$ cat work_32.cif   # mmCIF, C-alpha atoms and all ligand atoms
data_input
loop_
_atom_site.label_atom_id
_atom_site.label_comp_id
_atom_site.auth_asym_id
_atom_site.auth_seq_id
_atom_site.Cartn_x
_atom_site.Cartn_y
_atom_site.Cartn_z
CA MET A 1 93.39 65.03 36.68
CA GLY A 2 95.65 66.07 39.51
CA ALA A 3 94.72 65.51 43.10
CA LYS A 4 93.75 69.09 43.69
CA GLY A 5 91.69 69.05 40.52
CA ALA A 6 89.87 66.11 41.98
CA SER A 7 89.10 68.06 45.13
CA GLY A 8 87.72 71.01 43.28
CA ALA A 9 85.83 69.29 40.50
CA LYS A 10 82.24 70.36 40.87
CA GLY A 11 80.04 67.47 41.72
CA ALA A 12 82.85 64.97 41.61
CA GLY A 13 82.48 62.43 44.34
CA VAL A 14 85.27 60.08 45.30
CA ARG A 15 83.77 56.72 44.61
CA SER A 16 86.55 54.26 45.25
CA VAL A 17 89.65 53.62 47.25
CA ALA A 18 91.57 53.90 44.01
CA ALA A 19 90.17 57.36 43.46
CA LEU A 20 90.99 58.22 47.03
CA ALA A 21 94.52 57.02 46.61
CA ALA A 22 94.78 59.42 43.71
CA ILE A 23 94.14 62.26 46.13
CA THR A 24 97.78 62.54 47.08
CA LEU A 25 98.03 66.15 47.94
CA LEU A 26 100.90 68.43 48.71
CA LEU A 27 101.34 69.87 52.19
CA VAL A 28 99.84 73.30 52.74
CA ALA A 29 102.65 75.79 52.48
CA CYS A 30 102.05 77.30 55.87
CA GLY A 31 105.65 77.58 56.95
CA ALA A 32 105.73 81.08 55.56
CA ASP A 33 102.76 82.32 57.51
CA ALA A 34 103.99 80.59 60.64
CA ASN A 35 106.47 83.40 61.21
CA ASN A 36 104.24 86.18 60.09
CA SER A 37 102.57 88.02 62.90
CA ALA A 38 100.03 89.91 60.78
CA ALA A 39 96.43 89.55 61.88
CA VAL A 40 95.29 88.78 58.36
CA ILE A 41 95.54 85.41 56.68
CA PRO A 42 97.05 86.48 53.37
CA ASN A 43 96.56 85.07 49.95
CA ASP A 44 99.71 86.40 48.36
CA ARG A 45 99.25 84.99 44.91
CA THR A 46 95.81 86.31 44.25
CA ALA A 47 95.15 89.38 46.35
CA PRO A 48 97.94 91.78 47.28
CA SER A 49 97.13 93.41 50.58
CA ASP A 50 96.82 96.87 49.05
CA ALA A 51 94.57 95.76 46.22
CA PRO A 52 90.98 96.92 46.33
CA VAL A 53 88.84 94.38 48.04
CA ALA A 54 86.31 92.84 45.75
CA PRO A 55 82.88 92.65 47.31
CA ILE A 56 81.79 89.18 48.19
CA ALA A 57 79.03 88.21 45.86
CA PRO A 58 76.02 87.24 47.87
CA VAL A 59 75.21 83.59 48.17
CA ALA A 60 72.03 82.70 46.33
CA PRO A 61 69.07 83.07 48.66
CA VAL A 62 68.06 79.81 50.16
CA ALA A 63 64.77 78.56 51.42
CA PRO A 64 65.35 77.53 55.02
CA ILE A 65 64.30 73.99 55.86
CA ALA A 66 63.40 75.05 59.37
CA PRO A 67 63.33 78.42 61.12
CA VAL A 68 66.80 79.89 61.51
CA ALA A 69 65.76 82.09 64.40
CA PRO A 70 67.74 81.25 67.53
CA VAL A 71 66.70 77.80 68.60
CA ALA A 72 66.36 76.60 72.13
CA PRO A 73 69.40 74.62 73.23
CA LEU A 74 68.94 70.89 73.44
CA ALA A 75 67.69 69.89 76.87
CA PRO A 76 70.58 69.42 79.27
CA ASN A 77 71.55 66.00 80.57
CA ALA A 78 68.84 64.27 82.47
CA PRO A 79 70.10 63.69 86.04
CA ALA A 80 69.84 59.90 85.58
CA GLN A 81 72.56 60.07 82.94
CA SER A 82 75.06 61.52 85.36
CA ALA A 83 74.96 58.33 87.45
CA GLY A 84 77.20 56.35 85.09
CA PRO A 85 79.94 57.57 82.78
CA ALA A 86 78.56 59.97 80.22
CA LYS A 87 78.10 58.42 76.80
CA PHE A 88 77.97 59.83 73.29
CA ASP A 89 74.32 60.25 72.41
CA SER A 90 73.83 60.06 68.67
CA GLY A 91 70.29 61.42 69.05
CA ARG A 92 71.70 64.66 70.39
CA ALA A 93 74.44 64.70 67.77
CA TRP A 94 71.88 64.12 65.04
CA GLU A 95 69.85 67.07 66.26
CA HIS A 96 72.95 69.28 66.09
CA LEU A 97 73.52 68.10 62.53
CA ARG A 98 69.90 68.63 61.54
CA ARG A 99 69.80 72.14 62.96
CA GLN A 100 72.90 73.17 61.03
CA VAL A 101 71.50 71.80 57.80
CA ALA A 102 68.26 73.66 58.52
CA ILE A 103 70.19 76.92 58.53
CA GLY A 104 71.09 76.28 54.89
CA PRO A 105 74.39 76.95 53.06
CA ARG A 106 76.94 78.33 55.53
CA PRO A 107 79.92 79.70 53.60
CA ALA A 108 82.56 81.78 55.34
CA GLY A 109 81.45 85.37 55.88
CA SER A 110 77.74 84.63 55.46
CA ALA A 111 74.93 85.54 57.83
CA ALA A 112 74.04 81.85 57.88
CA LEU A 113 77.47 80.95 59.23
CA ALA A 114 77.09 83.60 61.92
CA GLU A 115 73.77 81.95 62.80
CA CYS A 116 75.52 78.59 62.95
CA ARG A 117 78.21 80.07 65.18
CA ARG A 118 75.56 81.43 67.55
CA TYR A 119 74.08 77.96 67.68
CA ILE A 120 77.47 76.42 68.53
CA LEU A 121 78.09 79.03 71.23
CA SER A 122 74.67 78.57 72.76
CA GLU A 123 75.05 74.79 72.85
CA LEU A 124 78.47 75.09 74.48
CA LYS A 125 77.02 77.47 77.04
CA ALA A 126 74.14 75.09 77.74
CA ALA A 127 76.70 72.34 78.33
CA GLY A 128 78.58 74.56 80.77
CA ILE A 129 81.64 74.77 78.51
CA ALA A 130 83.53 78.06 78.37
CA ALA A 131 84.09 79.30 74.82
CA ARG A 132 85.52 82.30 73.06
CA GLU A 133 85.36 83.63 69.55
CA GLN A 134 88.60 84.22 67.64
CA PRO A 135 87.79 86.68 64.84
CA PHE A 136 90.22 87.40 62.02
CA ASP A 137 90.32 88.86 58.54
CA ALA A 138 91.12 86.35 55.85
CA MET A 139 92.55 87.60 52.58
CA THR A 140 90.87 85.39 50.00
CA PRO A 141 90.54 85.45 46.21
CA LEU A 142 87.18 87.18 46.86
CA GLY A 143 88.83 89.85 49.01
CA VAL A 144 88.89 90.11 52.77
CA ILE A 145 86.35 87.88 54.47
CA LYS A 146 85.70 88.22 58.17
CA MET A 147 86.03 84.80 59.73
CA THR A 148 85.74 83.55 63.29
CA ASN A 149 87.01 80.41 64.98
CA VAL A 150 85.27 79.22 68.12
CA ILE A 151 87.57 77.85 70.81
CA ALA A 152 86.06 76.04 73.78
CA THR A 153 87.96 74.71 76.76
CA ILE A 154 87.21 71.88 79.16
CA PRO A 155 89.80 72.12 81.91
CA GLY A 156 91.60 68.90 82.79
CA ARG A 157 93.94 67.93 85.63
CA ARG A 158 96.77 69.42 83.65
CA PRO A 159 96.93 72.49 81.45
CA GLU A 160 98.36 70.80 78.36
CA ARG A 161 95.68 70.43 75.71
CA ILE A 162 94.29 67.84 73.36
CA ALA A 163 92.20 69.47 70.64
CA LEU A 164 89.14 67.96 69.00
CA ALA A 165 88.59 69.96 65.84
CA THR A 166 86.12 70.45 63.00
CA HIS A 167 85.39 73.03 60.39
CA TYR A 168 81.93 74.55 60.59
CA ASP A 169 81.85 76.47 57.30
CA THR A 170 80.43 74.93 54.14
CA LYS A 171 81.86 75.31 50.69
CA LEU A 172 80.46 78.14 48.60
CA PHE A 173 78.67 76.87 45.50
CA ARG A 174 76.64 79.28 43.43
CA GLU A 175 75.35 76.67 40.98
CA PHE A 176 73.47 74.63 43.54
CA ARG A 177 72.36 74.69 47.14
CA PHE A 178 75.05 73.07 49.24
CA VAL A 179 74.15 72.37 52.87
CA GLY A 180 77.09 70.16 53.84
CA ALA A 181 75.31 67.54 55.93
CA SER A 182 78.48 65.49 56.07
CA ASP A 183 80.98 68.14 54.95
CA GLY A 184 80.66 70.61 57.78
CA ALA A 185 77.61 69.69 59.87
CA SER A 186 78.48 66.11 60.82
CA SER A 187 81.84 66.79 62.43
CA THR A 188 80.58 69.98 64.06
CA ALA A 189 77.69 68.00 65.54
CA ALA A 190 80.03 65.28 66.78
CA VAL A 191 82.44 67.74 68.40
CA LEU A 192 79.55 69.45 70.20
CA GLU A 193 78.34 66.13 71.58
CA LEU A 194 81.88 65.02 72.43
CA GLY A 195 82.25 68.23 74.38
CA ARG A 196 79.13 67.54 76.41
CA VAL A 197 80.38 64.04 77.28
CA LEU A 198 83.95 65.09 78.05
CA LYS A 199 82.71 67.93 80.22
CA ALA A 200 81.01 65.32 82.40
CA ARG A 201 84.26 63.37 82.78
CA GLN A 202 87.41 64.13 84.69
CA ASN A 203 90.08 64.32 81.99
CA ASP A 204 93.80 64.31 82.59
CA TYR A 205 94.47 66.75 79.78
CA THR A 206 92.58 69.90 79.08
CA ILE A 207 90.29 69.33 76.12
CA GLU A 208 90.01 72.08 73.57
CA LEU A 209 87.13 72.05 71.10
CA LEU A 210 88.03 73.89 67.91
CA PHE A 211 85.31 75.00 65.52
CA LEU A 212 87.36 76.31 62.64
CA ASP A 213 86.09 78.76 60.05
CA GLY A 214 87.19 78.93 56.42
CA GLU A 215 88.46 75.41 55.87
CA GLU A 216 86.95 75.39 52.42
CA ALA A 217 88.52 77.15 49.46
CA VAL A 218 86.38 80.08 48.35
CA ASN A 219 87.35 79.31 44.78
CA THR A 220 86.01 76.12 43.27
CA GLU A 221 89.49 74.65 43.15
CA TRP A 222 91.37 73.81 46.31
CA ARG A 223 94.58 75.71 45.71
CA ASP A 224 96.99 77.03 48.33
CA PRO A 225 96.67 79.29 50.15
CA ASP A 226 92.93 79.45 49.45
CA ASN A 227 91.89 76.96 52.16
CA THR A 228 92.31 76.17 55.88
CA TYR A 229 92.09 79.85 56.85
CA GLY A 230 90.86 79.11 60.37
CA GLY A 231 93.41 76.41 61.07
CA ARG A 232 96.26 78.57 59.86
CA TYR A 233 95.07 81.53 61.87
CA TYR A 234 94.66 79.48 65.05
CA VAL A 235 98.21 78.14 64.78
CA ARG A 236 99.68 81.56 64.11
CA ALA A 237 97.80 83.18 67.00
CA ALA A 238 98.66 80.36 69.42
CA ARG A 239 102.30 80.61 68.50
CA GLN A 240 102.27 84.37 69.01
CA ALA A 241 100.55 83.98 72.35
CA GLY A 242 103.05 81.33 73.44
CA ASP A 243 100.21 78.77 73.70
CA LEU A 244 101.15 76.43 70.91
CA ALA A 245 103.60 74.34 72.93
CA GLY A 246 100.77 73.42 75.29
CA LEU A 247 98.80 71.87 72.46
CA LYS A 248 99.97 68.26 72.47
CA ALA A 249 97.69 66.58 69.97
CA LEU A 250 94.93 67.37 67.50
CA VAL A 251 92.14 65.03 66.44
CA LEU A 252 90.41 66.49 63.40
CA LEU A 253 86.99 65.22 62.36
CA ASP A 254 85.74 65.94 58.84
CA MET A 255 83.01 64.33 56.76
CA ILE A 256 82.05 61.65 59.25
CA GLY A 257 78.31 61.55 58.56
CA ASP A 258 78.20 59.31 55.47
CA ARG A 259 75.57 56.58 55.85
CA ASN A 260 78.11 54.19 54.39
CA LEU A 261 80.97 55.36 56.53
CA ASN A 262 84.43 54.16 55.44
CA ILE A 263 87.34 55.83 57.12
CA ARG A 264 90.82 54.89 56.02
CA ARG A 265 94.12 56.13 57.38
CA GLU A 266 95.17 59.46 55.95
CA ALA A 267 98.86 59.57 55.17
CA ASN A 268 99.81 63.01 56.48
CA SER A 269 98.50 62.10 59.92
CA THR A 270 100.83 61.32 62.81
CA ARG A 271 101.28 57.56 62.93
CA TRP A 272 101.00 56.96 66.67
CA LEU A 273 97.80 58.98 66.89
CA GLY A 274 96.28 57.04 64.02
CA ASP A 275 97.36 53.79 65.69
CA ILE A 276 95.44 54.75 68.82
CA ILE A 277 92.30 55.69 66.88
CA TRP A 278 92.27 52.55 64.75
CA THR A 279 93.06 50.35 67.79
CA SER A 280 90.08 51.85 69.66
CA ALA A 281 87.89 51.25 66.61
CA ALA A 282 88.99 47.62 66.36
CA LYS A 283 88.42 47.09 70.08
CA LEU A 284 84.88 48.43 69.75
CA GLY A 285 84.15 46.20 66.74
CA TYR A 286 84.18 49.03 64.19
CA SER A 287 86.87 47.74 61.84
CA THR A 288 84.48 47.70 58.91
CA THR A 289 84.07 51.45 59.38
CA PHE A 290 87.58 52.36 60.49
CA ILE A 291 89.25 50.29 57.82
CA PRO A 292 92.89 49.60 58.65
CA GLU A 293 94.13 50.61 55.23
CA ASP A 294 96.08 53.65 54.15
CA ILE A 295 94.82 56.21 51.70
CA GLY A 296 96.88 58.98 50.21
CA GLN A 297 97.59 62.35 51.70
CA ILE A 298 94.61 64.64 52.10
CA GLU A 299 94.93 68.35 52.65
CA ASP A 300 92.81 69.52 55.52
CA ASP A 301 92.90 71.66 58.65
CA HIS A 302 95.42 69.35 60.31
CA LEU A 303 98.22 70.46 57.99
CA PRO A 304 99.04 73.78 59.66
CA PHE A 305 99.14 71.98 63.00
CA LEU A 306 101.43 69.28 61.64
CA ALA A 307 103.67 71.91 60.11
CA ALA A 308 103.88 73.53 63.54
CA GLY A 309 104.91 70.23 65.13
CA VAL A 310 101.57 69.29 66.72
CA PRO A 311 100.83 65.56 66.36
CA SER A 312 97.60 65.41 64.38
CA VAL A 313 95.22 62.91 62.84
CA ASP A 314 92.51 63.53 60.25
CA ILE A 315 89.48 61.28 60.62
CA ILE A 316 87.83 61.78 57.26
CA ASP A 317 85.64 59.80 54.86
CA LEU A 318 86.11 61.13 51.36
CA ASP A 319 84.65 57.93 49.93
CA TYR A 320 81.36 59.81 49.67
CA PRO A 321 79.78 60.17 46.23
CA GLN A 322 77.78 63.18 47.46
CA TRP A 323 80.93 65.12 48.36
CA HIS A 324 80.60 68.75 47.23
CA THR A 325 77.25 68.13 45.58
CA ALA A 326 73.69 69.21 46.32
CA GLN A 327 73.12 65.66 47.58
CA ASP A 328 75.30 66.10 50.66
CA ASP A 329 72.05 66.24 52.58
CA LEU A 330 70.14 64.56 55.39
CA ASP A 331 69.29 61.57 53.21
CA HIS A 332 72.94 60.61 52.89
CA VAL A 333 74.10 60.84 56.49
CA SER A 334 73.15 58.88 59.58
CA ALA A 335 73.10 59.11 63.36
CA ARG A 336 74.75 55.69 63.46
CA SER A 337 77.85 57.04 61.72
CA LEU A 338 78.08 59.86 64.27
CA GLN A 339 77.74 57.31 67.07
CA ILE A 340 80.60 55.17 65.75
CA VAL A 341 82.97 58.10 65.47
CA GLY A 342 81.89 59.47 68.84
CA ASP A 343 82.47 56.12 70.55
CA VAL A 344 85.88 55.74 68.95
CA VAL A 345 87.08 59.22 69.86
CA LEU A 346 85.85 58.87 73.44
CA ASP A 347 87.67 55.56 73.77
CA ALA A 348 90.80 57.02 72.23
CA VAL A 349 91.10 60.19 74.33
CA PRO A 350 92.35 58.40 77.49
CA GLN A 351 94.77 56.37 75.36
CA ILE A 352 96.12 59.57 73.84
CA GLU A 353 96.47 61.01 77.33
CA LYS A 354 98.40 57.93 78.45
CA GLU A 355 100.68 58.05 75.47
CA LEU A 356 101.36 61.75 75.94
CA ALA A 357 102.04 61.35 79.65
CA ALA A 358 104.30 58.33 79.13
CA ALA A 359 106.29 59.96 76.38
CA ARG A 360 106.11 63.43 77.94
CA ARG A 361 105.45 64.62 74.43
C1 LIG B 401 87.46 68.23 53.19
C2 LIG B 401 86.18 68.56 53.04
N1 LIG B 401 88.15 68.98 52.37
C3 LIG B 401 87.31 69.76 51.70
N2 LIG B 401 86.09 69.51 52.11
C4 LIG B 401 89.58 68.94 52.22
C5 LIG B 401 90.02 68.30 50.95
C6 LIG B 401 90.74 69.04 50.06
C7 LIG B 401 89.76 66.99 50.69
C8 LIG B 401 91.16 68.47 48.86
C9 LIG B 401 90.20 66.41 49.50
C10 LIG B 401 90.89 67.16 48.58
ZN ZN B 402 84.41 70.35 51.53
#

$ encode --input "work_32.cif" --output "structure tokens" --more "lines below"
Ligand code: 1BN
Ligand code: ZN
Amino acid sequence: MGAKGASGAKGAGVRSVAALAAITLLLVACGADANNSAAVIPNDRTAPSDAPVAPIAPVAPVAPIAPVAPVAPLAPNAPAQSAGPAKFDSGRAWEHLRRQVAIGPRPAGSAALAECRRYILSELKAAGIAAREQPFDAMTPLGVIKMTNVIATIPGRRPERIALATHYDTKLFREFRFVGASDGASSTAAVLELGRVLKARQNDYTIELLFLDGEEAVNTEWRDPDNTYGGRYYVRAARQAGDLAGLKALVLLDMIGDRNLNIRREANSTRWLGDIIWTSAAKLGYSTTFIPEDIGQIEDDHLPFLAAGVPSVDIIDLDYPQWHTAQDDLDHVSARSLQIVGDVVLDAVPQIEKELAAARR
């Protein structure tokens, strides 16, 4: 089975490092769309732009775990916390994760994903972080799907940006109810909590929080260009706006909730960025989680950024038997895993800033 087959195999979890190593995936062919200024993310092979748009089959109705009506934002920082340096609070991050899972399956274009987006926006607002929506039409094998990235900005001393990114959509499965506790909710929860902490700090670089839509392929198989719609659109729009050069580094979080978290070094990622992350992890005593071993190349939202010349690292645990199964649920993720990743990223951000400033990258 080829690497991409492995990614799309229904219910197939990656159970071993050997299996992970087999996931040696080709780079997303985003060079072509890099020069294309159209406002639609095309899928040339499967849906010519003048073809009738197939309606998106509705996602099977889901029984919500908890009310999906707008929820009150988490209580803001208690004043006592602002005395010392702000710290990643895995209790808050866990609540963000739980609330996303409670919304149910959140595939691109669904009302549930819109509900999730409203939650993200309201939490950013409650944290005092300015955010904007970046809507776009994605041409997918299911026709045009309206997608929306959320881009939040925490101004730093300088305008150049370091992005902390996640996808917030979940993969569409019709055969079972997929809530993406790790694959979607965990990284989104962590980026929300990282934003709250970084907002309370004085950062040298401007921090951009990217909540990307449409990372998942809408087809079962992960096949280009049916994936990373939000990442590709962001890069194209930033290039068009002349903003891409100001983006100096991207730290992508994906699938970081696994109770048995094992994160190995993904081979497409920029080496110096990975060195900083794994050095922070070792310093904090997390080398059994951030294992200093390489895995193969994994296709993810960092690829369009890499192709555009933005140093990028993918922090991802695919060694998760529940990956793309109905069992990617609350029972298989933990607050502790969110805490470890949060601590590591917070330690690494100043190191990334130093490296960027020293190298004037
Ligand atoms: C990550 C989470 N991905 C999909 N859901 C990206 C991926 C694609 C990972 C193919 C492995 C193989
Ligand atoms: Zn996925």

$ closest_residue --input "work_32.cif" --among "A:Ala111, A:Ile129, A:Leu198, A:Ile298" --to "ligand LIG 401 (chain B)" --atoms "all atoms listed in the file"
A:Ile298

$ residues_near_ligand --input "work_32.cif" --ligand "ligand ZN 402 (chain B)" --cutoff "8 Å" --atoms "all atoms listed in the file" --output "list in words"
Thr170, Lys171, Gly180, Asp183, Gly184, Glu215, Glu216, Trp323 and His324 of chain A

$ closest_residue --input "work_32.cif" --among "A:Val197, A:Gly246, A:Lys125, A:Gly214" --to "A:Pro85" --atoms "only C-alpha atoms"
A:Val197

$ residues_around --input "work_32.cif" --residues "A:Pro292" --least-positions-apart "6" --cutoff "12 Å" --atoms "all atoms listed in the file" --output "list of chain:residue names"
A:Asn262, A:Ile263, A:Arg264, A:Arg265, A:Glu266, A:Gly274, A:Asp275, A:Ile276, A:Ile277, A:Trp278, A:Thr279, A:Ser280, A:Ala281, A:Ala282, A:Tyr286

$ atom_distance --input "work_32.cif" --atom1 "atom C2 of ligand LIG 401 (chain B)" --atom2 "atom CA of A:Ser110"
18.3 Å

$ atom_distance --input "work_32.cif" --atom1 "atom CA of A:Asn268" --atom2 "atom CA of A:Phe305"
11.1 Å

$ closest_residue --input "work_32.cif" --among "A:Leu113, A:Ala138, A:Ile207, A:Leu97" --to "A:Tyr233" --atoms "only C-alpha atoms"
A:Ala138

$ closest_residue --input "work_32.cif" --among "A:Asp258, A:Asp319, A:Glu353, A:Glu175" --to "A:Ile340" --atoms "only C-alpha atoms"
A:Asp258

$ residues_around --input "work_32.cif" --residues "A:Tyr168" --least-positions-apart "2" --cutoff "7 Å" --atoms "only C-alpha atoms" --output "ChimeraX atom specification"
/A:166,170,184-185,188,211-213

$ build_atoms --input "work_32.cif" --residues "stretch 95-117 of chain A" --atoms "N, CA and C atoms" --output "CSV table (one decimal), in the coordinates of the input"
chain,number,residue,atom,x,y,z
A,95,GLU,N,70.6,65.8,66.2
A,95,GLU,CA,69.8,67.1,66.3
A,95,GLU,C,70.8,68.3,66.0
A,96,HIS,N,72.0,68.2,66.4
A,96,HIS,CA,73.0,69.3,66.1
A,96,HIS,C,73.2,69.3,64.6
A,97,LEU,N,73.3,68.2,64.0
A,97,LEU,CA,73.5,68.1,62.5
A,97,LEU,C,72.3,68.7,61.8
A,98,ARG,N,71.1,68.2,62.2
A,98,ARG,CA,69.9,68.6,61.5
A,98,ARG,C,69.7,70.1,61.6
A,99,ARG,N,70.0,70.7,62.8
A,99,ARG,CA,69.8,72.1,63.0
A,99,ARG,C,70.8,73.0,62.1
A,100,GLN,N,72.0,72.5,61.9
A,100,GLN,CA,72.9,73.2,61.0
A,100,GLN,C,72.4,73.1,59.6
A,101,VAL,N,72.0,71.9,59.2
A,101,VAL,CA,71.5,71.8,57.8
A,101,VAL,C,70.3,72.7,57.6
A,102,ALA,N,69.5,72.8,58.6
A,102,ALA,CA,68.3,73.7,58.5
A,102,ALA,C,68.6,75.1,58.3
A,103,ILE,N,69.8,75.5,58.8
A,103,ILE,CA,70.2,76.9,58.5
A,103,ILE,C,70.4,77.2,57.0
A,104,GLY,N,70.8,76.1,56.3
A,104,GLY,CA,71.1,76.3,54.9
A,104,GLY,C,72.6,76.4,54.6
A,105,PRO,N,73.0,76.8,53.4
A,105,PRO,CA,74.4,77.0,53.1
A,105,PRO,C,75.1,77.9,54.0
A,106,ARG,N,76.3,77.6,54.5
A,106,ARG,CA,76.9,78.3,55.5
A,106,ARG,C,78.4,78.7,55.1
A,107,PRO,N,78.5,79.4,54.0
A,107,PRO,CA,79.9,79.7,53.6
A,107,PRO,C,80.5,80.8,54.5
A,108,ALA,N,81.8,80.8,54.5
A,108,ALA,CA,82.6,81.8,55.3
A,108,ALA,C,82.1,83.2,55.0
A,109,GLY,N,81.9,84.0,56.0
A,109,GLY,CA,81.4,85.4,55.9
A,109,GLY,C,80.0,85.6,55.7
A,110,SER,N,79.2,84.5,55.7
A,110,SER,CA,77.7,84.6,55.5
A,110,SER,C,77.0,84.8,56.8
A,111,ALA,N,75.8,85.4,56.7
A,111,ALA,CA,74.9,85.5,57.8
A,111,ALA,C,74.5,84.2,58.4
A,112,ALA,N,74.4,83.2,57.5
A,112,ALA,CA,74.0,81.8,57.9
A,112,ALA,C,75.1,81.2,58.7
A,113,LEU,N,76.4,81.5,58.4
A,113,LEU,CA,77.5,81.0,59.2
A,113,LEU,C,77.5,81.6,60.6
A,114,ALA,N,77.2,82.9,60.6
A,114,ALA,CA,77.1,83.6,61.9
A,114,ALA,C,76.0,83.0,62.8
A,115,GLU,N,74.9,82.6,62.1
A,115,GLU,CA,73.8,82.0,62.8
A,115,GLU,C,74.2,80.6,63.3
A,116,CYS,N,75.0,79.9,62.5
A,116,CYS,CA,75.5,78.6,63.0
A,116,CYS,C,76.5,78.8,64.2
A,117,ARG,N,77.3,79.8,64.1
A,117,ARG,CA,78.2,80.1,65.2
A,117,ARG,C,77.4,80.4,66.5
